[in-house]
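Student: Just passing along the structure, written as structure tokens.
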Amino acid sequence: MAKNEKKNILIKSGTIIDPAKGNEFVSDIYIKDGIIAGIKENIKTGEDDAVKIDAEGLIVSPGFVDMHVHLRDPGSEDEETIETGALAAVKGGVTTVACMPNTNPAIDSDALVKYILEKSQDAACSILPVAAMTRDLKGKDITGMGILSETGAAGFSDDGKCVADSRVMYEIMRYSTQFGLPLILHEEDCFLSEGGLMHEGHYSSMLGLEGISSLSENVMIARDIMLARKSGARIHITHLSTRGGVEMIKKAKGEGLNITCDVTPHHLFFNDSYLTSFNTNLKVKPPIRSEEDRKALLSGVKEGVIDAIASDHAPHLDTEKNTTFKLASFGTIGLETLFAAAYTKLCLEEKMSISQLVNSITILPAKILGIDAGKIEVGKTANITVIDTDAEEEIKRESFISKSKNSAFIGQKLKGKIIYTISKGKLAYMSK
Amino acid sequence: MNMLSKKSIVDAGSLEPEDIELILSNADSFLEISRRDVKKVPTLRGKTVINLFFEPSTRTRTSFEIAAKRLSADIINFSSSSSSLKKGESIIDTLKTILSMNVDLIVIRHSDSGTVKMIDRFVDIPVINAGDGKYQHPTQALLDLYTIQKRFGKFEGLKVAIVGDFLDSRVARSDMDLFEKMGMEVTIVAPTMFLPEDYSEMNVRHNIDEVIKDTDILYILRMQLERQDRKFYPSVMEYNRFLTLDMKRLEEMKPGSVVMHPGPVNRGTEITDEVMDVGGTLGEKIAIEEQVTYGVAIRMAILYLILG
Ligand SMILES: [Zn+2]
Ligand SMILES: [Zn+2]
């Protein structure tokens, strides 16, 4: 790699949040050849070629880890690619992405895991492929989880779908204990949710939109907790959306089960009353739920029942969203607004500390995935995000660099702007 | 110049009381015109209305067509089945074509909830919702209200029972919004599968016999049991037992009470043949034909108030 690509970087006087050590302090960080060479006050480099970042009054955080992202590659490269998804990630301060296997073809084989790993080498951030639990995500034949984990799968998931057959799920859980990788579970009883367009409740009834009962998620969480208790599997419930789910997971954790979970910023931000606009960007799965659920999710994060915050970045073409609510596809993009949306709700409105938020998007998801990330340490490749928590921005369609523009946050005012992202040792993003 | 407080009529709930009053009072004079020998006035000469129907409907489309013609407006019918409008193909494109023809008002029917609201945001000209999915059918609610006014001369305190598939009915939703706004007491009579998961905040009964003696207006919804997306309701026989209006039940209704239905009736399912064909004093209870007549007057009033 050419030297100018790995130009040395000096971050001056930033407020460093180090979740690994659990402290917050003002210091400089010097990055030499992509490696963190020093963390201390008043670093004098004496080098002219070091890029100087004045971070006074700014937060310096480990690069974020987003454990639930759809990169649409292979198969739907018109919506997103590994390259564009990674660029969107670093714009959002994210330096590690776990990508979901519901591509076309699905990431259910050794060759496809390799494809992602190879194609990711030049990407702006680190990309970890999550492999399918069942072949072609059909919920029937279990994938070669042994070989897939050796090749480099970061975990297993049938995201987008749920394994309806309890026996298959049980065998997946039992088999997964041999490899120690997490099972990332999209919890949805497809019979209960069939035909549903939004959360079943007062607003679905008012709007004449078919409802998706909270039961659809809760029934599956209950089942999978029972299966995990028996099998000893390490399960991770992704995009948790219901109050009932938070309660069940809290109990299961109290019991000592190996269970973790994440929530998306959009489930923390919106409730189903926003659907009265019929805004198709708010058509997501699981659906945006009631205010009661949203409140429970917020407390779940604050109490630590919910471990991680992940975007469920789901790019879709305009033609898939610029249609009737019924015909529109499910999903919102979220990489570029991950921090700001969560910060605005959790820290500004709910008064949660910024270090707790940083934990939930760095060290905690890293731990769930079993990777060495989410830290700022001398001797390690630099993955660092610099944030201005005072900067406010109205989210505009034009501001997205993701290939798709279907953001639920368009029109919302969010605080907390990513100013610089250093990813894989390089300055990967700088705000204008 | 639009005499109503909003550009368009998208849902019944957001109609202001003054708008409702204005529409109902104007309907009277248009009803009078409809009863003349020459049923045409030049009020909207030179105006163009388009009937944009993405879902087939002879009744509502015809009603708007007659209303526009009696006001001397030009009316263009544009039908396109929404199923042929595939995912990825935009309604907006269809609309752009229509807008380039310089029309003054669009009447829209669509099979998907919320579509008219979406279209209204996109276009500058007035839009009238002629029914979208399971969401709203505001002109139906207005003509229902007008029918009630003609029969009772008041709204306050009247007891209405809406019977049938509440969950899937845009008529029920629009009626409930408007009826409650006018001070009527609304009860929904429906089995659990035609109700939202939680109906504890709603006034609900499951059996028509619980309301039949006491209700002023029995509003019966169209019931197509064979067309349920997923068949949860057991059978017509079961429906007849608990929800169908038959002679015995009609006879139990109190003096002065009426039976309404948005049409067309599925004879034998929600109303028996016998009831549909009954004459005499009992027959006078059935207000279904009046609803159709008043529908034209209401739509004339709306077109006039928006475009006149
Ligand atoms: Zn999912
Ligand atoms: Zn997902």
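The chains in the structure tokens are called A, B, ... from first to last as shown; in each chain the residues are counted from 1, and the ligands are counted from 1 in the order shown.
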What's around range 290-304 of chain A at 7 Å? Count only C-alpha atoms, leave out sequence neighbours fewer than 2 positions away in its own chain, and write the answer as a list in words.

Tutor: Ser241, Thr242, Arg243, Val246, His267, Leu268, Asn271, Asp272, Ile306, Asp307 and Met352 of chain A

Student: Output as a ChimeraX atom specification the set of chain A residues within 10 Å of chain B, with distances taken over only C-alpha atoms.

Tutor: /A:194-195,200-202,204-213,276-280,317-329

Student: Taking only C-alpha atoms and all ligand atoms into account, which residues are within 6 Å of ligand 1, as a PyMOL selection string?

Tutor: chain A and resi 159-160+186

Student: Can you pull out every residue with an atom within 12 Å of ligand 2? Use only C-alpha atoms and all ligand atoms and format it as an MDAnalysis selection string.

Tutor: chainID A and resid 66:72 98:103 130 157:162 184:188 237:240 262:264 284:286 310:315 330:334

Student: Could you save the residues just selected, with N, CA and C atoms, as a short mmCIF file (atom, residue, chain, number, x, y, z; two decimals), in the first residue's frame?

Tutor:
```
data_model
loop_
_atom_site.label_atom_id
_atom_site.label_comp_id
_atom_site.auth_asym_id
_atom_site.auth_seq_id
_atom_site.Cartn_x
_atom_site.Cartn_y
_atom_site.Cartn_z
N ASP A 66 -21.40 -2.32 13.92
CA ASP A 66 -22.83 -2.50 13.62
C ASP A 66 -23.05 -3.96 13.25
N MET A 67 -23.69 -4.68 14.14
CA MET A 67 -23.78 -6.13 13.95
C MET A 67 -24.97 -6.60 13.11
N HIS A 68 -25.71 -5.65 12.52
CA HIS A 68 -26.84 -6.09 11.69
C HIS A 68 -27.00 -5.16 10.49
N VAL A 69 -26.43 -5.58 9.37
CA VAL A 69 -26.44 -4.74 8.16
C VAL A 69 -26.72 -5.62 6.94
N HIS A 70 -27.49 -5.08 6.01
CA HIS A 70 -27.71 -5.76 4.73
C HIS A 70 -26.93 -5.02 3.66
N LEU A 71 -25.96 -5.71 3.06
CA LEU A 71 -25.15 -5.06 2.02
C LEU A 71 -25.63 -5.40 0.62
N ARG A 72 -26.59 -6.31 0.51
CA ARG A 72 -27.25 -6.65 -0.78
C ARG A 72 -26.30 -7.21 -1.83
N ALA A 98 -21.25 -6.33 10.47
CA ALA A 98 -21.59 -7.74 10.24
C ALA A 98 -22.72 -7.75 9.23
N CYS A 99 -22.49 -8.43 8.09
CA CYS A 99 -23.51 -8.39 7.04
C CYS A 99 -24.32 -9.67 7.00
N MET A 100 -25.60 -9.48 6.76
CA MET A 100 -26.56 -10.58 6.84
C MET A 100 -26.57 -11.41 5.55
N PRO A 101 -26.90 -12.68 5.68
CA PRO A 101 -26.75 -13.60 4.54
C PRO A 101 -27.93 -13.66 3.57
N ASN A 102 -28.96 -12.83 3.73
CA ASN A 102 -30.11 -12.97 2.82
C ASN A 102 -29.89 -12.25 1.50
N THR A 103 -28.77 -12.60 0.87
CA THR A 103 -28.43 -12.04 -0.44
C THR A 103 -28.92 -13.03 -1.50
N VAL A 130 -21.99 -12.87 8.09
CA VAL A 130 -22.79 -13.78 8.89
C VAL A 130 -23.34 -14.79 7.90
N SER A 157 -27.29 -16.79 10.90
CA SER A 157 -28.61 -16.16 10.98
C SER A 157 -29.41 -16.51 9.73
N ASP A 158 -30.71 -16.61 9.89
CA ASP A 158 -31.60 -16.71 8.72
C ASP A 158 -32.35 -15.39 8.58
N ASP A 159 -31.71 -14.29 8.98
CA ASP A 159 -32.40 -13.00 9.07
C ASP A 159 -33.26 -12.69 7.85
N GLY A 160 -34.38 -12.09 8.14
CA GLY A 160 -35.39 -11.82 7.11
C GLY A 160 -36.46 -12.88 7.23
N LYS A 161 -36.02 -14.03 7.73
CA LYS A 161 -36.96 -15.12 7.96
C LYS A 161 -36.69 -15.69 9.35
N CYS A 162 -37.58 -16.57 9.74
CA CYS A 162 -37.46 -17.21 11.04
C CYS A 162 -37.62 -18.70 10.79
N ILE A 184 -27.84 -15.46 15.43
CA ILE A 184 -28.51 -14.15 15.43
C ILE A 184 -29.94 -14.36 14.93
N LEU A 185 -30.89 -14.20 15.83
CA LEU A 185 -32.25 -14.65 15.53
C LEU A 185 -33.23 -13.51 15.25
N HIS A 186 -33.83 -13.60 14.06
CA HIS A 186 -34.94 -12.73 13.66
C HIS A 186 -36.20 -13.47 14.10
N GLU A 187 -36.86 -12.93 15.11
CA GLU A 187 -37.97 -13.66 15.74
C GLU A 187 -39.31 -13.23 15.16
N GLU A 188 -39.90 -14.12 14.39
CA GLU A 188 -41.17 -13.79 13.75
C GLU A 188 -41.92 -15.07 13.44
N ILE A 237 -30.88 -12.28 20.13
CA ILE A 237 -32.15 -11.85 19.53
C ILE A 237 -31.90 -10.48 18.88
N THR A 238 -32.08 -10.42 17.59
CA THR A 238 -31.80 -9.15 16.91
C THR A 238 -33.07 -8.34 16.72
N HIS A 239 -32.89 -7.06 16.47
CA HIS A 239 -33.97 -6.08 16.34
C HIS A 239 -35.19 -6.38 17.21
N LEU A 240 -34.94 -6.43 18.50
CA LEU A 240 -36.00 -6.62 19.48
C LEU A 240 -36.98 -5.45 19.36
N ASP A 262 -30.21 -7.06 20.56
CA ASP A 262 -29.98 -5.70 20.10
C ASP A 262 -31.29 -5.06 19.70
N VAL A 263 -31.24 -3.74 19.57
CA VAL A 263 -32.42 -2.98 19.14
C VAL A 263 -31.93 -2.00 18.08
N THR A 264 -32.83 -1.58 17.20
CA THR A 264 -32.44 -0.62 16.16
C THR A 264 -32.75 0.80 16.64
N VAL A 284 -41.21 -1.34 8.18
CA VAL A 284 -40.03 -2.13 8.51
C VAL A 284 -40.49 -3.41 9.20
N LYS A 285 -39.54 -4.36 9.28
CA LYS A 285 -39.80 -5.58 10.01
C LYS A 285 -38.70 -5.82 11.01
N PRO A 286 -38.99 -6.09 12.27
CA PRO A 286 -40.33 -6.04 12.85
C PRO A 286 -40.89 -4.62 12.75
N ALA A 310 -28.03 -1.82 16.85
CA ALA A 310 -27.60 -2.15 15.49
C ALA A 310 -28.61 -1.58 14.52
N SER A 311 -28.13 -1.24 13.32
CA SER A 311 -29.00 -0.45 12.42
C SER A 311 -30.04 -1.25 11.66
N ASP A 312 -29.79 -2.53 11.38
CA ASP A 312 -30.60 -3.29 10.41
C ASP A 312 -30.73 -2.49 9.11
N HIS A 313 -29.60 -1.92 8.71
CA HIS A 313 -29.50 -1.16 7.45
C HIS A 313 -30.04 -2.01 6.31
N ALA A 314 -31.16 -1.58 5.72
CA ALA A 314 -31.83 -2.38 4.69
C ALA A 314 -32.13 -1.54 3.46
N PRO A 315 -31.17 -1.48 2.53
CA PRO A 315 -31.35 -0.61 1.37
C PRO A 315 -32.41 -1.14 0.39
N PHE A 330 -40.23 -3.91 2.96
CA PHE A 330 -39.91 -3.63 4.36
C PHE A 330 -38.46 -3.17 4.47
N GLY A 331 -38.18 -2.18 5.31
CA GLY A 331 -36.79 -1.84 5.62
C GLY A 331 -36.46 -0.37 5.51
N THR A 332 -35.51 0.06 6.33
CA THR A 332 -34.97 1.42 6.26
C THR A 332 -33.45 1.31 6.28
N ILE A 333 -32.78 2.25 5.60
CA ILE A 333 -31.33 2.29 5.75
C ILE A 333 -31.04 2.89 7.13
N GLY A 334 -29.84 2.66 7.65
CA GLY A 334 -29.60 3.13 9.02
C GLY A 334 -28.15 3.33 9.41
#
```

Student: With only C-alpha atoms as the counted atoms, please give the residues lying no more than 12 Å from Thr48 in chain B, apart from itself and same-chain residues fewer than 5 positions off, as an NGL selection string.

Tutor: :B and (65 or 68-69 or 71-77 or 98-99 or 101-107 or 125-126 or 303 or 307-308)

Student: Please list as a list of chain:residue names every residue within 12 Å of Asn266 in chain B, counting only C-alpha atoms and excluding residues in the same chain fewer than 4 positions away.

Tutor: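 Near neighbours after the sequence-gap exclusion: B:Ile220, B:Leu221, B:Arg222, B:Met223, B:Gln224, B:Leu225, B:Glu226, B:Val236, B:Thr244, B:Leu245, B:His261, B:Pro262, B:Glu270, B:Ile271, B:Thr272, B:Asp273, B:Met276.
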
Student: Selected residues, N, CA, C and O atoms, written as a PDB file, in the first residue's frame, please.

Tutor:
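Contents of result-v3.pdb, freshly written:
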```pdb
ATOM      1  N   ILE B 220     -75.617  -2.252   8.204  1.00  0.00           N
ATOM      2  CA  ILE B 220     -75.110  -3.587   7.905  1.00  0.00           C
ATOM      3  C   ILE B 220     -74.034  -3.515   6.832  1.00  0.00           C
ATOM      4  O   ILE B 220     -74.224  -2.916   5.777  1.00  0.00           O
ATOM      5  N   LEU B 221     -72.876  -4.101   7.139  1.00  0.00           N
ATOM      6  CA  LEU B 221     -71.768  -4.063   6.185  1.00  0.00           C
ATOM      7  C   LEU B 221     -71.862  -5.221   5.204  1.00  0.00           C
ATOM      8  O   LEU B 221     -72.437  -6.259   5.502  1.00  0.00           O
ATOM      9  N   ARG B 222     -71.261  -4.981   4.051  1.00  0.00           N
ATOM     10  CA  ARG B 222     -71.191  -6.004   3.021  1.00  0.00           C
ATOM     11  C   ARG B 222     -70.269  -7.129   3.512  1.00  0.00           C
ATOM     12  O   ARG B 222     -69.190  -6.881   4.039  1.00  0.00           O
ATOM     13  N   MET B 223     -70.738  -8.336   3.341  1.00  0.00           N
ATOM     14  CA  MET B 223     -70.012  -9.483   3.888  1.00  0.00           C
ATOM     15  C   MET B 223     -69.731 -10.481   2.783  1.00  0.00           C
ATOM     16  O   MET B 223     -70.635 -11.090   2.239  1.00  0.00           O
ATOM     17  N   GLN B 224     -68.434 -10.619   2.447  1.00  0.00           N
ATOM     18  CA  GLN B 224     -68.097 -11.597   1.407  1.00  0.00           C
ATOM     19  C   GLN B 224     -67.255 -12.690   2.038  1.00  0.00           C
ATOM     20  O   GLN B 224     -66.035 -12.664   1.968  1.00  0.00           O
ATOM     21  N   LEU B 225     -67.950 -13.604   2.687  1.00  0.00           N
ATOM     22  CA  LEU B 225     -67.240 -14.639   3.440  1.00  0.00           C
ATOM     23  C   LEU B 225     -66.327 -15.475   2.556  1.00  0.00           C
ATOM     24  O   LEU B 225     -65.268 -15.916   2.989  1.00  0.00           O
ATOM     25  N   GLU B 226     -66.717 -15.639   1.297  1.00  0.00           N
ATOM     26  CA  GLU B 226     -65.891 -16.470   0.410  1.00  0.00           C
ATOM     27  C   GLU B 226     -64.638 -15.719  -0.041  1.00  0.00           C
ATOM     28  O   GLU B 226     -63.733 -16.318  -0.594  1.00  0.00           O
ATOM     29  N   VAL B 236     -71.338 -19.460   6.469  1.00  0.00           N
ATOM     30  CA  VAL B 236     -72.516 -18.609   6.313  1.00  0.00           C
ATOM     31  C   VAL B 236     -73.567 -18.999   7.356  1.00  0.00           C
ATOM     32  O   VAL B 236     -74.248 -18.148   7.928  1.00  0.00           O
ATOM     33  N   THR B 244     -76.856 -12.119  10.811  1.00  0.00           N
ATOM     34  CA  THR B 244     -77.677 -11.784   9.641  1.00  0.00           C
ATOM     35  C   THR B 244     -78.995 -11.113  10.044  1.00  0.00           C
ATOM     36  O   THR B 244     -79.610 -11.497  11.047  1.00  0.00           O
ATOM     37  N   LEU B 245     -79.410 -10.131   9.242  1.00  0.00           N
ATOM     38  CA  LEU B 245     -80.728  -9.534   9.472  1.00  0.00           C
ATOM     39  C   LEU B 245     -81.782 -10.390   8.752  1.00  0.00           C
ATOM     40  O   LEU B 245     -81.817 -10.455   7.523  1.00  0.00           O
ATOM     41  N   HIS B 261     -77.201   0.048   4.368  1.00  0.00           N
ATOM     42  CA  HIS B 261     -76.198  -0.876   3.809  1.00  0.00           C
ATOM     43  C   HIS B 261     -75.497  -0.135   2.666  1.00  0.00           C
ATOM     44  O   HIS B 261     -76.154   0.533   1.885  1.00  0.00           O
ATOM     45  N   PRO B 262     -74.166  -0.240   2.557  1.00  0.00           N
ATOM     46  CA  PRO B 262     -73.472   0.510   1.498  1.00  0.00           C
ATOM     47  C   PRO B 262     -73.677  -0.086   0.101  1.00  0.00           C
ATOM     48  O   PRO B 262     -73.317   0.559  -0.896  1.00  0.00           O
ATOM     49  N   GLU B 270     -75.569 -11.273   4.675  1.00  0.00           N
ATOM     50  CA  GLU B 270     -75.808 -10.296   5.751  1.00  0.00           C
ATOM     51  C   GLU B 270     -77.281  -9.906   5.907  1.00  0.00           C
ATOM     52  O   GLU B 270     -77.706  -9.486   6.973  1.00  0.00           O
ATOM     53  N   ILE B 271     -78.054 -10.020   4.818  1.00  0.00           N
ATOM     54  CA  ILE B 271     -79.495  -9.747   4.876  1.00  0.00           C
ATOM     55  C   ILE B 271     -80.205 -10.861   4.094  1.00  0.00           C
ATOM     56  O   ILE B 271     -79.742 -11.235   3.009  1.00  0.00           O
ATOM     57  N   THR B 272     -81.314 -11.349   4.642  1.00  0.00           N
ATOM     58  CA  THR B 272     -82.004 -12.430   3.925  1.00  0.00           C
ATOM     59  C   THR B 272     -82.807 -11.860   2.751  1.00  0.00           C
ATOM     60  O   THR B 272     -83.166 -10.679   2.724  1.00  0.00           O
ATOM     61  N   ASP B 273     -83.100 -12.716   1.790  1.00  0.00           N
ATOM     62  CA  ASP B 273     -83.933 -12.383   0.634  1.00  0.00           C
ATOM     63  C   ASP B 273     -85.260 -11.788   1.068  1.00  0.00           C
ATOM     64  O   ASP B 273     -85.714 -10.780   0.533  1.00  0.00           O
ATOM     65  N   MET B 276     -85.032  -8.269   2.131  1.00  0.00           N
ATOM     66  CA  MET B 276     -84.772  -7.389   0.989  1.00  0.00           C
ATOM     67  C   MET B 276     -86.040  -7.118   0.183  1.00  0.00           C
ATOM     68  O   MET B 276     -86.183  -6.050  -0.403  1.00  0.00           O
TER      69      MET B 276
END
```

Student: Under the rule that only C-alpha atoms are counted, which of A:Leu414, A:Leu183, A:Asp122, A:Phe400 is the nearest residue to Asn258 in chain A?

Tutor: A:Leu183

Student: Between B:Met176, B:Leu52, B:Val204, B:Met260, which one has atoms that come closest to Thr192 in chain B, using only C-alpha atoms?

Tutor: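 Ranking B:Met176, B:Leu52, B:Val204, B:Met260 by distance to Thr192 in chain B, first place goes to B:Val204.
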
Student: Which residues are close to Glu251 in chain B, i.e. within 10 Å by only C-alpha atoms, leaving aside same-chain residues fewer than 2 positions away? Reply as an mmCIF file with N, CA and C atoms, in the first residue's frame.

Tutor:
```
data_model
loop_
_atom_site.group_PDB
_atom_site.id
_atom_site.type_symbol
_atom_site.label_atom_id
_atom_site.label_comp_id
_atom_site.auth_asym_id
_atom_site.auth_seq_id
_atom_site.Cartn_x
_atom_site.Cartn_y
_atom_site.Cartn_z
ATOM 1 N N ILE B 212 -80.564 -5.341 18.591
ATOM 2 C CA ILE B 212 -81.635 -5.204 17.610
ATOM 3 C C ILE B 212 -82.841 -4.399 18.107
ATOM 4 N N LYS B 213 -83.224 -4.577 19.375
ATOM 5 C CA LYS B 213 -84.430 -3.921 19.887
ATOM 6 C C LYS B 213 -84.212 -2.441 20.166
ATOM 7 N N ASP B 246 -82.610 -11.057 9.551
ATOM 8 C CA ASP B 246 -83.696 -11.854 8.979
ATOM 9 C C ASP B 246 -85.029 -11.248 9.415
ATOM 10 N N MET B 247 -86.146 -11.830 8.997
ATOM 11 C CA MET B 247 -87.466 -11.268 9.283
ATOM 12 C C MET B 247 -87.734 -11.145 10.781
ATOM 13 N N LYS B 248 -87.386 -12.183 11.507
ATOM 14 C CA LYS B 248 -87.638 -12.181 12.942
ATOM 15 C C LYS B 248 -86.956 -10.979 13.600
ATOM 16 N N ARG B 249 -85.742 -10.749 13.194
ATOM 17 C CA ARG B 249 -84.992 -9.633 13.778
ATOM 18 C C ARG B 249 -85.538 -8.285 13.291
ATOM 19 N N MET B 253 -87.228 -4.770 15.569
ATOM 20 C CA MET B 253 -86.671 -3.402 15.583
ATOM 21 C C MET B 253 -87.738 -2.396 15.991
ATOM 22 N N LYS B 254 -87.297 -1.332 16.672
ATOM 23 C CA LYS B 254 -88.270 -0.402 17.226
ATOM 24 C C LYS B 254 -88.875 0.508 16.153
ATOM 25 N N PRO B 255 -90.035 1.093 16.429
ATOM 26 C CA PRO B 255 -90.683 1.966 15.447
ATOM 27 C C PRO B 255 -89.765 3.130 15.072
ATOM 28 N N VAL B 275 -86.136 -10.235 3.756
ATOM 29 C CA VAL B 275 -86.041 -8.861 4.264
ATOM 30 C C VAL B 275 -85.866 -7.890 3.093
ATOM 31 N N LEU B 282 -92.822 -2.538 7.425
ATOM 32 C CA LEU B 282 -91.493 -3.115 7.668
ATOM 33 C C LEU B 282 -90.545 -2.725 6.535
#
```

Student: In Å, rounded to a single decimal, give me how far CA of Ala164 in chain A is from CA of Ile142 in chain A.

Tutor: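 Distance reported for this atom pair: 13.2 Å.
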
Student: Please return as a ChimeraX atom specification: the residues of range 260-400 of chain A that backbone DSSP assigns to alpha helix (DSSP H).

Tutor: /A:265-269,291-303,318-321,338-342,354-360,363-369

Student: Could you list, as a list of chain:residue names, every residue within 10 Å of Arg59 in chain B, counting only C-alpha atoms and ignoring same-chain residues fewer than 4 positions away?

Tutor: B:Ser63, B:Phe64, B:Glu65, B:Pro262, B:Gly263, B:Pro264, B:Val292, B:Gly295

Student: With N, CA and C atoms retained, could you export that selection as a PDB file, in the first residue's frame?

Tutor:
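Writing done, so here's again.pdb:
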```
ATOM      1  N   SER B  63     -72.034   7.001  -9.664  1.00  0.00           N
ATOM      2  CA  SER B  63     -72.581   8.062  -8.825  1.00  0.00           C
ATOM      3  C   SER B  63     -71.818   9.374  -9.042  1.00  0.00           C
ATOM      4  N   PHE B  64     -70.495   9.294  -9.066  1.00  0.00           N
ATOM      5  CA  PHE B  64     -69.690  10.494  -9.322  1.00  0.00           C
ATOM      6  C   PHE B  64     -69.913  11.006 -10.738  1.00  0.00           C
ATOM      7  N   GLU B  65     -70.041  10.062 -11.660  1.00  0.00           N
ATOM      8  CA  GLU B  65     -70.232  10.427 -13.058  1.00  0.00           C
ATOM      9  C   GLU B  65     -71.543  11.198 -13.245  1.00  0.00           C
ATOM     10  N   PRO B 262     -74.166  -0.240   2.557  1.00  0.00           N
ATOM     11  CA  PRO B 262     -73.472   0.510   1.498  1.00  0.00           C
ATOM     12  C   PRO B 262     -73.677  -0.086   0.101  1.00  0.00           C
ATOM     13  N   GLY B 263     -74.212  -1.303   0.015  1.00  0.00           N
ATOM     14  CA  GLY B 263     -74.465  -1.943  -1.265  1.00  0.00           C
ATOM     15  C   GLY B 263     -73.210  -2.396  -1.957  1.00  0.00           C
ATOM     16  N   PRO B 264     -73.265  -3.351  -2.856  1.00  0.00           N
ATOM     17  CA  PRO B 264     -74.436  -4.187  -3.097  1.00  0.00           C
ATOM     18  C   PRO B 264     -74.595  -5.273  -2.019  1.00  0.00           C
ATOM     19  N   VAL B 292     -78.615   5.444  -2.147  1.00  0.00           N
ATOM     20  CA  VAL B 292     -78.086   5.598  -3.507  1.00  0.00           C
ATOM     21  C   VAL B 292     -78.491   6.957  -4.086  1.00  0.00           C
ATOM     22  N   GLY B 295     -76.690   9.685  -2.465  1.00  0.00           N
ATOM     23  CA  GLY B 295     -75.277   9.635  -2.838  1.00  0.00           C
ATOM     24  C   GLY B 295     -74.965  10.602  -3.964  1.00  0.00           C
TER      25      GLY B 295
END
```

Student: Hey, can you check how far CA of Ala67 in chain B sits from CA of Arg151 in chain B?

Tutor: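 Straight-line distance from CA of Ala67 in chain B to CA of Arg151 in chain B works out to 22.3 Å.
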
Student: Rounded to one decimal in Å, what is the spacing between CA of Ile162 in chain B and CA of Val186 in chain B?

Tutor: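 Going from CA of Ile162 in chain B over to CA of Val186 in chain B covers 7.2 Å.
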
Student: Restricting the calculation to only C-alpha atoms, which member of B:Leu4, B:Leu44, B:Pro17, B:Phe122 is positioned closest to Met182 in chain B?

Tutor: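 Answer, going by the shortest atom-to-atom distance: B:Pro17.
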
Student: Based on DSSP run over this structure's backbone, return all residues of range 88-247 of chain A in strand (DSSP E or B), as a PyMOL selection string.

Tutor: chain A and resi 94-99+126-131+134+142+155-157+183-185+198-199+211-212+235-237

Student: So that I have them on file, write out the residues from the current selection with C-alpha atoms, as a PDB file, in the first residue's frame.

Tutor:
```pdb
ATOM      1  CA  VAL A  94     -19.007   2.504  11.784  1.00  0.00           C
ATOM      2  CA  THR A  95     -15.732   0.677  11.202  1.00  0.00           C
ATOM      3  CA  THR A  96     -16.938  -2.898  11.577  1.00  0.00           C
ATOM      4  CA  VAL A  97     -20.027  -4.299   9.927  1.00  0.00           C
ATOM      5  CA  ALA A  98     -21.588  -7.740  10.245  1.00  0.00           C
ATOM      6  CA  CYS A  99     -23.507  -8.387   7.038  1.00  0.00           C
ATOM      7  CA  SER A 126     -14.065  -4.262   8.158  1.00  0.00           C
ATOM      8  CA  ILE A 127     -16.806  -6.570   7.033  1.00  0.00           C
ATOM      9  CA  LEU A 128     -17.741  -9.788   8.772  1.00  0.00           C
ATOM     10  CA  PRO A 129     -20.007 -12.171   6.914  1.00  0.00           C
ATOM     11  CA  VAL A 130     -22.794 -13.777   8.895  1.00  0.00           C
ATOM     12  CA  ALA A 131     -23.673 -17.094   7.273  1.00  0.00           C
ATOM     13  CA  THR A 134     -30.270 -23.130   6.815  1.00  0.00           C
ATOM     14  CA  ILE A 142     -28.868 -26.944   8.204  1.00  0.00           C
ATOM     15  CA  GLY A 155     -22.139 -15.968  13.259  1.00  0.00           C
ATOM     16  CA  PHE A 156     -25.237 -17.594  11.852  1.00  0.00           C
ATOM     17  CA  SER A 157     -28.605 -16.161  10.976  1.00  0.00           C
ATOM     18  CA  LEU A 183     -26.971 -17.470  16.435  1.00  0.00           C
ATOM     19  CA  ILE A 184     -28.508 -14.150  15.425  1.00  0.00           C
ATOM     20  CA  LEU A 185     -32.253 -14.648  15.529  1.00  0.00           C
ATOM     21  CA  MET A 198     -47.565  -2.535  10.564  1.00  0.00           C
ATOM     22  CA  HIS A 199     -47.854  -3.076  14.313  1.00  0.00           C
ATOM     23  CA  GLY A 211     -51.542  -5.646  11.737  1.00  0.00           C
ATOM     24  CA  ILE A 212     -48.555  -7.654  12.924  1.00  0.00           C
ATOM     25  CA  ILE A 235     -28.390 -16.959  21.053  1.00  0.00           C
ATOM     26  CA  HIS A 236     -28.681 -13.314  20.131  1.00  0.00           C
ATOM     27  CA  ILE A 237     -32.148 -11.848  19.525  1.00  0.00           C
TER      28      ILE A 237
END
```
